[in-house]
Amino acid sequence: MRIIIAGGHGQIGLRLAARLTTGAVGLVRNPDHVADVEATGAEAVVCDLERASVEDVAAILEGADAVVFAAGAGPGSGAARKDTVDRAASVLLADAAERAGVGRFIQISSMGAGKPPAGGDEVWAAYIKAKTEAEEDLRARDLAWTILRPGRLTDEPGTGLVRLAPEVERGAVPRDDVAAVVIALLADPGTARRTLELVSGDTPIADLTP
């Protein structure tokens, strides 16, 4: 399978590419990041989703089996980039997927999306708003989308044990396990058109039946 990963140099994107081993294509904004993506065994394509056109991105997506939106403005970015990356880039990628005829779309969102932001500051509120609007855009499309809302992300080694359901109690989850769950979702057509929350738990990822 040919899987396009937006946010190919992100911490989840790199882990996902390494697990896919073949067929992964990581989109990166910075040419200096190409080598890091290629070190996972994936192909790297330079594409700035804040500047690219739908036609540009659709050309990259031609022939792909699925798209994973794992991009994010990242820590230290302001409210404006939460909108241009976490919302607008997802919308652009979905537009391009439709144009290129790529039906499967996994969107990595965030637990807390879909609700008014609880606590935090202006930037956090902008982040939740952007994720919520990106989800709403995707749900309105005729794509085989799955929205994954992980809890607090950690860099601890993955355990392979998670809880995945439409609603779970707040908690943390290693990025390793998020990447592994994305692969499980890609392999399960029954998860299409579902919004699922993810935290560490006691269910082996291989046994997931959300």
# chains A, B, ... in the order shown; residues from 1 in each chain; ligands from 1
>>> residues_around(residues="Thr84 in chain A", least_positions_apart="5", cutoff="10 Å", atoms="only C-alpha atoms", output="list in words")
Leu49, Glu50, Arg51, Gly72, Ala73, Ala79, Ala89, Ser90, Val91 and Ala130 of chain A
>>> residues_around(residues="range 181-194 of chain A", least_positions_apart="2", cutoff="8 Å", atoms="only C-alpha atoms", output="CSV table (one decimal) with N, CA and C atoms, in the first residue's frame")
chain,number,residue,atom,x,y,z
A,16,LEU,N,5.2,6.3,12.4
A,16,LEU,CA,4.3,5.6,11.5
A,16,LEU,C,5.1,5.2,10.3
A,20,LEU,N,5.5,1.3,8.9
A,20,LEU,CA,4.9,0.8,7.6
A,20,LEU,C,6.0,0.1,6.8
A,66,ALA,N,-4.2,5.5,0.8
A,66,ALA,CA,-4.7,6.2,2.0
A,66,ALA,C,-3.9,7.4,2.3
A,104,ARG,N,-9.6,6.7,1.5
A,104,ARG,CA,-9.3,6.4,2.9
A,104,ARG,C,-8.5,7.6,3.5
A,106,ILE,N,-7.2,9.1,7.3
A,106,ILE,CA,-7.1,9.0,8.8
A,106,ILE,C,-6.7,10.4,9.3
A,139,ARG,N,-16.0,15.2,8.4
A,139,ARG,CA,-17.3,14.4,8.5
A,139,ARG,C,-18.3,14.8,7.4
A,143,LEU,N,-15.8,10.6,2.1
A,143,LEU,CA,-14.6,9.8,2.2
A,143,LEU,C,-14.7,8.7,3.3
A,144,ALA,N,-13.9,7.7,3.2
A,144,ALA,CA,-13.9,6.7,4.2
A,144,ALA,C,-12.9,7.2,5.3
A,145,TRP,N,-13.4,8.2,6.1
A,145,TRP,CA,-12.5,8.9,7.1
A,145,TRP,C,-12.6,8.2,8.4
A,146,THR,N,-11.6,8.3,9.2
A,146,THR,CA,-11.6,7.9,10.6
A,146,THR,C,-10.9,9.0,11.3
A,147,ILE,N,-11.5,9.5,12.4
A,147,ILE,CA,-10.9,10.5,13.2
A,147,ILE,C,-10.4,9.9,14.5
A,166,PRO,N,-15.4,5.3,21.2
A,166,PRO,CA,-15.9,6.6,20.9
A,166,PRO,C,-15.7,7.6,22.0
A,177,ASP,N,2.4,4.0,20.4
A,177,ASP,CA,1.1,3.3,20.3
A,177,ASP,C,0.1,4.0,19.4
A,178,VAL,N,0.2,5.3,19.3
A,178,VAL,CA,-0.7,6.0,18.4
A,178,VAL,C,-0.3,5.6,17.0
A,179,ALA,N,0.9,5.5,16.6
A,179,ALA,CA,1.3,5.1,15.3
A,179,ALA,C,0.9,3.6,15.0
A,196,LEU,N,-12.9,8.2,17.2
A,196,LEU,CA,-12.5,7.3,18.3
A,196,LEU,C,-11.4,8.0,19.1
A,205,ILE,N,-3.3,-4.0,20.9
A,205,ILE,CA,-3.6,-3.3,19.7
A,205,ILE,C,-4.0,-4.3,18.6
A,206,ALA,N,-3.4,-5.5,18.6
A,206,ALA,CA,-3.8,-6.5,17.6
A,206,ALA,C,-5.2,-7.0,17.8
A,208,LEU,N,-7.9,-5.1,18.7
A,208,LEU,CA,-8.8,-4.0,18.8
A,208,LEU,C,-10.1,-4.3,18.0
A,210,PRO,N,-13.0,-1.7,18.0
A,210,PRO,CA,-13.6,-0.5,18.6
A,210,PRO,C,-15.1,-0.4,18.2
>>> closest_residue(among="A:Arg29, A:Arg15, A:Arg87, A:His9", to="Pro174 in chain A", atoms="only C-alpha atoms")
A:Arg15
>>> closest_residue(among="A:Cys47, A:Val123, A:Met1, A:Ala6", to="Pro75 in chain A", atoms="only C-alpha atoms")
A:Val123
>>> select_by_dssp(residues="chain A", states="alpha helix (DSSP H)", output="PyMOL selection string")
chain A and resi 11-20+34-38+54-61+79-81+88-100+122-139+175-186
>>> residues_around(residues="Asp48 in chain A", least_positions_apart="4", cutoff="12 Å", atoms="only C-alpha atoms", output="PyMOL selection string")
chain A and resi 6-8+26-31+52-54+56-57+71+84-85+88-89+92-93
>>> write_last_selection(atoms="N, CA, C and O atoms", output="short mmCIF file (atom, residue, chain, number, x, y, z; two decimals), in the first residue's frame")
data_model
loop_
_atom_site.label_atom_id
_atom_site.label_comp_id
_atom_site.auth_asym_id
_atom_site.auth_seq_id
_atom_site.Cartn_x
_atom_site.Cartn_y
_atom_site.Cartn_z
N ALA A 6 0.92 13.28 5.96
CA ALA A 6 1.13 14.71 6.14
C ALA A 6 1.68 14.92 7.54
O ALA A 6 1.16 14.37 8.52
N GLY A 7 2.74 15.71 7.64
CA GLY A 7 3.44 15.79 8.91
C GLY A 7 4.46 14.67 9.02
O GLY A 7 4.66 14.06 10.06
N GLY A 8 5.12 14.41 7.89
CA GLY A 8 6.03 13.27 7.82
C GLY A 8 7.23 13.36 8.73
O GLY A 8 7.83 12.34 9.07
N GLY A 26 6.32 10.47 3.28
CA GLY A 26 6.20 11.53 4.25
C GLY A 26 6.29 12.89 3.60
O GLY A 26 7.27 13.19 2.90
N LEU A 27 5.28 13.73 3.82
CA LEU A 27 5.32 15.10 3.32
C LEU A 27 6.02 15.97 4.36
O LEU A 27 5.67 15.94 5.54
N VAL A 28 7.00 16.75 3.92
CA VAL A 28 7.75 17.61 4.82
C VAL A 28 7.78 19.03 4.26
O VAL A 28 7.82 19.24 3.05
N ARG A 29 7.77 20.00 5.14
CA ARG A 29 7.83 21.40 4.72
C ARG A 29 9.27 21.85 4.48
O ARG A 29 9.55 22.62 3.58
N ASN A 30 10.16 21.33 5.30
CA ASN A 30 11.56 21.76 5.29
C ASN A 30 12.43 20.74 4.55
O ASN A 30 12.50 19.58 4.96
N PRO A 31 13.12 21.13 3.49
CA PRO A 31 13.98 20.18 2.78
C PRO A 31 15.05 19.55 3.67
O PRO A 31 15.51 18.43 3.38
N ALA A 52 0.84 25.23 -0.50
CA ALA A 52 0.54 24.44 -1.69
C ALA A 52 -0.91 24.62 -2.14
O ALA A 52 -1.79 24.95 -1.34
N SER A 53 -1.14 24.37 -3.42
CA SER A 53 -2.51 24.39 -3.96
C SER A 53 -3.10 22.98 -3.89
O SER A 53 -2.37 21.99 -3.71
N VAL A 54 -4.40 22.91 -4.06
CA VAL A 54 -5.06 21.61 -4.10
C VAL A 54 -4.47 20.78 -5.24
O VAL A 54 -4.22 19.57 -5.09
N ASP A 56 -1.45 20.91 -6.52
CA ASP A 56 -0.12 20.45 -6.14
C ASP A 56 -0.21 19.17 -5.30
O ASP A 56 0.52 18.20 -5.54
N VAL A 57 -1.07 19.21 -4.31
CA VAL A 57 -1.16 18.08 -3.37
C VAL A 57 -1.83 16.88 -4.04
O VAL A 57 -1.42 15.73 -3.85
N ALA A 71 -0.12 16.07 10.75
CA ALA A 71 0.56 17.36 10.85
C ALA A 71 0.01 18.16 12.02
O ALA A 71 -1.11 17.96 12.47
N THR A 84 -3.88 27.67 10.45
CA THR A 84 -3.36 27.39 9.12
C THR A 84 -2.84 25.96 8.96
O THR A 84 -2.85 25.42 7.85
N VAL A 85 -2.41 25.34 10.06
CA VAL A 85 -1.91 23.96 9.98
C VAL A 85 -2.97 22.97 10.46
O VAL A 85 -3.39 22.08 9.72
N ALA A 88 -6.61 24.31 8.39
CA ALA A 88 -6.58 24.56 6.94
C ALA A 88 -5.80 23.50 6.18
O ALA A 88 -6.18 23.12 5.06
N ALA A 89 -4.70 23.02 6.75
CA ALA A 89 -3.92 22.00 6.04
C ALA A 89 -4.69 20.69 5.94
O ALA A 89 -4.59 19.97 4.93
N LEU A 92 -7.20 21.21 3.16
CA LEU A 92 -6.51 21.13 1.88
C LEU A 92 -6.22 19.68 1.50
O LEU A 92 -6.43 19.26 0.35
N LEU A 93 -5.74 18.90 2.46
CA LEU A 93 -5.40 17.51 2.19
C LEU A 93 -6.65 16.71 1.82
O LEU A 93 -6.61 15.86 0.92
#
>>> atom_distance(atom1="CA of Glu43 in chain A", atom2="CA of Ala58 in chain A")
16.7 Å
>>> residues_around(residues="Tyr127 in chain A", least_positions_apart="3", cutoff="12 Å", atoms="only C-alpha atoms", output="JSON, numbers by chain")
{"A": [72, 73, 74, 75, 76, 77, 78, 79, 80, 81, 82, 83, 84, 85, 86, 87, 88, 109, 110, 111, 112, 113, 114, 115, 116, 117, 118, 120, 121, 122, 123, 124, 130, 131, 132, 133, 134]}
>>> write_last_selection(atoms="N, CA, C and O atoms", output="short mmCIF file (atom, residue, chain, number, x, y, z; two decimals), in the first residue's frame")
data_model
loop_
_atom_site.label_atom_id
_atom_site.label_comp_id
_atom_site.auth_asym_id
_atom_site.auth_seq_id
_atom_site.Cartn_x
_atom_site.Cartn_y
_atom_site.Cartn_z
N GLY A 72 0.82 19.10 12.49
CA GLY A 72 0.40 20.00 13.54
C GLY A 72 1.36 21.16 13.62
O GLY A 72 2.53 21.04 13.26
N ALA A 73 0.84 22.30 14.08
CA ALA A 73 1.70 23.48 14.20
C ALA A 73 2.79 23.29 15.23
O ALA A 73 3.86 23.88 15.13
N GLY A 74 2.53 22.46 16.22
CA GLY A 74 3.56 22.12 17.20
C GLY A 74 3.68 23.12 18.33
O GLY A 74 3.12 24.22 18.28
N PRO A 75 4.41 22.73 19.37
CA PRO A 75 4.60 23.61 20.53
C PRO A 75 5.36 24.87 20.14
O PRO A 75 6.23 24.85 19.27
N GLY A 76 5.00 25.96 20.76
CA GLY A 76 5.67 27.21 20.48
C GLY A 76 5.04 28.02 19.37
O GLY A 76 5.41 29.18 19.15
N SER A 77 4.10 27.42 18.64
CA SER A 77 3.42 28.16 17.58
C SER A 77 2.26 28.95 18.17
O SER A 77 1.70 28.58 19.20
N GLY A 78 1.89 30.02 17.50
CA GLY A 78 0.80 30.86 17.97
C GLY A 78 -0.55 30.42 17.46
O GLY A 78 -0.68 29.46 16.70
N ALA A 79 -1.57 31.19 17.85
CA ALA A 79 -2.94 30.84 17.48
C ALA A 79 -3.14 30.83 15.97
O ALA A 79 -3.88 30.00 15.44
N ALA A 80 -2.47 31.74 15.26
CA ALA A 80 -2.66 31.82 13.81
C ALA A 80 -2.25 30.53 13.12
O ALA A 80 -2.95 30.04 12.21
N ARG A 81 -1.13 29.94 13.53
CA ARG A 81 -0.67 28.71 12.87
C ARG A 81 -1.48 27.50 13.31
O ARG A 81 -1.51 26.48 12.59
N LYS A 82 -2.13 27.56 14.45
CA LYS A 82 -3.05 26.48 14.79
C LYS A 82 -4.14 26.38 13.73
O LYS A 82 -4.56 25.29 13.33
N ASP A 83 -4.57 27.54 13.23
CA ASP A 83 -5.59 27.54 12.19
C ASP A 83 -5.02 27.12 10.84
O ASP A 83 -5.60 26.27 10.15
N THR A 84 -3.88 27.67 10.45
CA THR A 84 -3.36 27.39 9.12
C THR A 84 -2.84 25.96 8.96
O THR A 84 -2.85 25.42 7.85
N VAL A 85 -2.41 25.34 10.06
CA VAL A 85 -1.91 23.96 9.98
C VAL A 85 -2.97 22.97 10.46
O VAL A 85 -3.39 22.08 9.72
N ASP A 86 -3.41 23.10 11.70
CA ASP A 86 -4.28 22.08 12.28
C ASP A 86 -5.67 22.04 11.65
O ASP A 86 -6.32 21.00 11.65
N ARG A 87 -6.12 23.15 11.09
CA ARG A 87 -7.40 23.16 10.38
C ARG A 87 -7.21 23.22 8.87
O ARG A 87 -7.57 22.28 8.16
N ALA A 88 -6.61 24.31 8.39
CA ALA A 88 -6.58 24.56 6.94
C ALA A 88 -5.80 23.50 6.18
O ALA A 88 -6.18 23.12 5.06
N SER A 109 -6.48 13.80 15.43
CA SER A 109 -7.01 15.00 16.05
C SER A 109 -6.51 15.08 17.49
O SER A 109 -5.33 14.83 17.75
N SER A 110 -7.36 15.40 18.41
CA SER A 110 -6.95 15.53 19.81
C SER A 110 -8.14 15.30 20.71
O SER A 110 -9.26 15.75 20.41
N MET A 111 -7.92 14.59 21.81
CA MET A 111 -8.96 14.49 22.81
C MET A 111 -9.27 15.90 23.30
O MET A 111 -8.38 16.71 23.53
N GLY A 112 -10.54 16.21 23.42
CA GLY A 112 -10.97 17.56 23.76
C GLY A 112 -11.60 18.27 22.58
O GLY A 112 -12.36 19.22 22.76
N ALA A 113 -11.28 17.82 21.37
CA ALA A 113 -11.93 18.40 20.18
C ALA A 113 -13.42 18.09 20.23
O ALA A 113 -13.85 17.06 20.75
N GLY A 114 -14.20 19.00 19.67
CA GLY A 114 -15.64 18.81 19.67
C GLY A 114 -16.34 19.39 20.88
O GLY A 114 -17.56 19.37 20.97
N LYS A 115 -15.55 19.91 21.82
CA LYS A 115 -16.11 20.50 23.04
C LYS A 115 -15.44 21.85 23.28
O LYS A 115 -14.33 22.09 22.80
N PRO A 116 -16.08 22.72 24.05
CA PRO A 116 -15.40 23.97 24.41
C PRO A 116 -14.10 23.66 25.15
O PRO A 116 -14.06 22.73 25.96
N PRO A 117 -13.02 24.39 24.87
CA PRO A 117 -11.75 24.09 25.53
C PRO A 117 -11.85 24.23 27.04
O PRO A 117 -12.41 25.21 27.54
N ALA A 118 -11.35 23.23 27.74
CA ALA A 118 -11.38 23.24 29.20
C ALA A 118 -10.05 23.76 29.72
O ALA A 118 -9.02 23.10 29.60
N GLY A 120 -6.63 26.12 30.00
CA GLY A 120 -5.65 26.51 29.00
C GLY A 120 -5.71 27.99 28.69
O GLY A 120 -6.39 28.77 29.37
N ASP A 121 -4.99 28.39 27.65
CA ASP A 121 -4.90 29.80 27.29
C ASP A 121 -5.46 30.02 25.88
O ASP A 121 -6.12 29.15 25.32
N GLU A 122 -5.19 31.19 25.34
CA GLU A 122 -5.72 31.54 24.02
C GLU A 122 -5.21 30.59 22.94
O GLU A 122 -5.95 30.21 22.03
N VAL A 123 -3.95 30.20 23.04
CA VAL A 123 -3.37 29.31 22.02
C VAL A 123 -4.01 27.92 22.11
O VAL A 123 -4.33 27.30 21.09
N TRP A 124 -4.20 27.44 23.33
CA TRP A 124 -4.86 26.14 23.51
C TRP A 124 -6.28 26.18 22.96
O TRP A 124 -6.72 25.26 22.26
N ALA A 130 -9.37 24.72 16.08
CA ALA A 130 -8.88 24.27 14.78
C ALA A 130 -9.13 22.78 14.58
O ALA A 130 -9.57 22.35 13.50
N LYS A 131 -8.84 21.98 15.60
CA LYS A 131 -9.07 20.53 15.50
C LYS A 131 -10.56 20.23 15.33
O LYS A 131 -10.95 19.35 14.54
N THR A 132 -11.39 20.94 16.07
CA THR A 132 -12.84 20.72 15.97
C THR A 132 -13.33 21.03 14.56
O THR A 132 -14.10 20.26 13.97
N GLU A 133 -12.90 22.16 14.01
CA GLU A 133 -13.36 22.55 12.68
C GLU A 133 -12.82 21.61 11.60
O GLU A 133 -13.50 21.34 10.60
N ALA A 134 -11.60 21.11 11.79
CA ALA A 134 -11.05 20.13 10.83
C ALA A 134 -11.87 18.85 10.86
O ALA A 134 -12.14 18.25 9.81
#
>>> closest_residue(among="A:Arg2, A:Ile108, A:Ala126, A:Asp176", to="Arg19 in chain A", atoms="only C-alpha atoms")
A:Asp176
>>> closest_residue(among="A:Ala94, A:Ala70, A:Leu61, A:Ala44", to="Arg175 in chain A", atoms="only C-alpha atoms")
A:Ala70
